[in-house]
Amino acid sequence: MDFQSCVTIQKEWDIVGARQMGRNIAKEIGFGTVDQARIATAISELARNIYLYAGSGEICFERLETIDRKGIGIYAIDKGPGMEEVSRVMEDGFSTSGGLGAGLPGVKRLMDEFDIVSEVGKGTKITVMKWIR
Amino acid sequence: MRIPILKLHNYLLISIQIDLDDKTAIQFQEDLLNKIHKSGSTGVVIDLTSVDIIDSFIAKVLGDVVMMSDLMGAKVVLTGIQPAVAMTLIDLGIHLHNVPTALDLEQGLIKLRQELEE
Ligand SMILES: Nc1ncnc2c1ncn2[C@@H]1O[C@H](COP(=O)(O)OP(=O)(O)OP(=O)(O)O)[C@@H](O)[C@H]1O
Ligand SMILES: [Mg+2]
């Protein structure tokens, strides 16, 4: 729990900014190219969801370090409409916007740990982590 | 930002060299369809060698543009998808089943020629 940095997601271009920043941090931590791509893609999905469904929010990054492993923590936070049924949005193909609905279930597969807290009318916080193997 | 579309005989060649944001991707879709219409091209190669991320949105745009071009009568081949990108797409659950692909630009052109001659 040492270093943390955040990017604001407000306009479409921030999606690209967030994933590029995330990729750079992942590289610095020591992730290989494939994991860098996985992390950047996960960030892209989370940031786009914020942009599309909440309008604005932020993505924060954290360098994780324990005695025996290193990793990255990513937090996608918004004060948007929230989700009524968290279990539904985790189904492959579920989309309220005509998307592929691959986003959230995909993010879960791309990362090692996934947690979602959402309250209707209050907002959503999604936490994901990935560890270096 | 606009992605350049080159014409070579009756083919169109595109090499995507930038990190695609959503607007650029949609603009590209429109530009390509217009160019197919104007030039009467029958084959298109989209080279993705320099693309190091394809998320679900970009995947959808690419899959759609292949189908749309097909409707217009032009075959599209995607080439040069990086290993990391291929692995990420499968994790995302995106298989691009009906999308013709090839290892590189050269293979892509060979594949197009074969498909068009059949
Ligand atoms: N931050 C959020 N706030 C409110 N609702 C959300 C948020 N993120 C996702 N959702 C809801 O969850 C659904 C599923 O999201 P997911 O990212 O899996 O698919 P999608 O965005 O619809 O399509 P894709 O990501 O494949 O383009 C969305 O359609 C939306 O209704
Ligand atoms: Mg999504």
# chains A, B, ... in the order shown; residues from 1 in each chain; ligands from 1
$ residues_near_ligand --ligand "ligand 2" --cutoff "7 Å" --atoms "only C-alpha atoms and all ligand atoms" --output "list in words"
Glu45, Leu46, Arg48, Asn49, Gly99, Gly101, Ala102, Gly103 and Leu104 of chain A
$ interface_residues --of "chain A" --to "chain B" --cutoff "6 Å" --atoms "only C-alpha atoms" --output "PyMOL selection string"
chain A and resi 34+38+41+106+109-110
$ residues_near_ligand --ligand "ligand 1" --cutoff "9 Å" --atoms "only C-alpha atoms and all ligand atoms" --output "count of residues only"
55
$ select_by_dssp --residues "chain B" --states "strand (DSSP E or B)" --output "list in words"
Leu6, Lys7, Leu8, Tyr11, Leu12, Leu13, Ile14, Ser15, Gly43, Val44, Val45, Ile46, Asp47, Lys75, Val76, Val77, Leu78, Thr79, Thr101 and Ala102 of chain B
$ residues_around --residues "Pro100 (chain B)" --least-positions-apart "3" --cutoff "9 Å" --atoms "only C-alpha atoms" --output "ChimeraX atom specification"
/B:66,75-79,96-97,108,111
$ write_last_selection --atoms "all heavy atoms" --output "tab-separated table (two decimals), in the first residue's frame"
chain	number	residue	atom	x	y	z
B	66	VAL	N	-15.77	-5.80	-40.99
B	66	VAL	CA	-15.61	-6.95	-41.86
B	66	VAL	C	-16.96	-7.36	-42.45
B	66	VAL	O	-17.10	-7.59	-43.65
B	66	VAL	CB	-14.96	-8.13	-41.10
B	66	VAL	CG1	-14.96	-9.39	-41.95
B	66	VAL	CG2	-13.54	-7.78	-40.68
B	75	LYS	N	-14.02	-8.25	-49.59
B	75	LYS	CA	-13.49	-9.16	-48.56
B	75	LYS	C	-12.43	-8.44	-47.75
B	75	LYS	O	-11.57	-7.77	-48.29
B	75	LYS	CB	-12.83	-10.37	-49.22
B	75	LYS	CG	-13.80	-11.39	-49.76
B	75	LYS	CD	-13.97	-12.53	-48.78
B	75	LYS	CE	-15.19	-13.38	-49.11
B	75	LYS	NZ	-16.47	-12.68	-48.97
B	76	VAL	N	-12.49	-8.62	-46.42
B	76	VAL	CA	-11.49	-8.01	-45.55
B	76	VAL	C	-10.68	-9.10	-44.86
B	76	VAL	O	-11.24	-10.09	-44.40
B	76	VAL	CB	-12.15	-7.14	-44.46
B	76	VAL	CG1	-11.08	-6.47	-43.59
B	76	VAL	CG2	-13.05	-6.08	-45.08
B	77	VAL	N	-9.37	-8.92	-44.81
B	77	VAL	CA	-8.52	-9.82	-44.04
B	77	VAL	C	-7.77	-9.00	-43.00
B	77	VAL	O	-7.23	-7.93	-43.31
B	77	VAL	CB	-7.49	-10.54	-44.96
B	77	VAL	CG1	-6.56	-11.43	-44.14
B	77	VAL	CG2	-8.23	-11.39	-46.00
B	78	LEU	N	-7.77	-9.46	-41.75
B	78	LEU	CA	-7.00	-8.80	-40.70
B	78	LEU	C	-5.65	-9.50	-40.59
B	78	LEU	O	-5.60	-10.72	-40.55
B	78	LEU	CB	-7.72	-8.90	-39.35
B	78	LEU	CG	-9.14	-8.32	-39.25
B	78	LEU	CD1	-9.64	-8.45	-37.81
B	78	LEU	CD2	-9.18	-6.87	-39.70
B	79	THR	N	-4.59	-8.74	-40.54
B	79	THR	CA	-3.27	-9.37	-40.47
B	79	THR	C	-2.44	-8.85	-39.30
B	79	THR	O	-2.68	-7.76	-38.80
B	79	THR	CB	-2.46	-9.12	-41.76
B	79	THR	OG1	-2.24	-7.72	-41.92
B	79	THR	CG2	-3.19	-9.64	-42.99
B	96	LEU	N	-13.87	-13.64	-32.74
B	96	LEU	CA	-13.81	-13.16	-34.13
B	96	LEU	C	-13.93	-14.33	-35.12
B	96	LEU	O	-13.15	-14.43	-36.06
B	96	LEU	CB	-12.50	-12.38	-34.37
B	96	LEU	CG	-12.35	-11.04	-33.63
B	96	LEU	CD1	-10.97	-10.44	-33.85
B	96	LEU	CD2	-13.42	-10.03	-34.06
B	97	HIS	N	-14.94	-15.20	-34.87
B	97	HIS	CA	-15.08	-16.43	-35.64
B	97	HIS	C	-15.10	-16.28	-37.14
B	97	HIS	O	-14.43	-17.00	-37.85
B	97	HIS	CB	-16.37	-17.16	-35.23
B	97	HIS	CG	-16.19	-17.96	-33.99
B	97	HIS	ND1	-15.17	-18.87	-33.85
B	97	HIS	CD2	-16.88	-17.98	-32.84
B	97	HIS	CE1	-15.24	-19.41	-32.65
B	97	HIS	NE2	-16.27	-18.88	-32.02
B	108	GLY	N	-1.73	-12.03	-46.09
B	108	GLY	CA	-3.07	-11.46	-46.21
B	108	GLY	C	-3.44	-11.24	-47.66
B	108	GLY	O	-4.55	-11.55	-48.10
B	111	LYS	N	-4.09	-14.54	-49.30
B	111	LYS	CA	-5.40	-15.05	-48.89
B	111	LYS	C	-6.53	-14.35	-49.65
B	111	LYS	O	-7.47	-14.99	-50.12
B	111	LYS	CB	-5.57	-14.85	-47.39
B	111	LYS	CG	-6.82	-15.50	-46.83
B	111	LYS	CD	-6.67	-15.72	-45.35
B	111	LYS	CE	-7.79	-16.57	-44.80
B	111	LYS	NZ	-7.53	-17.04	-43.45
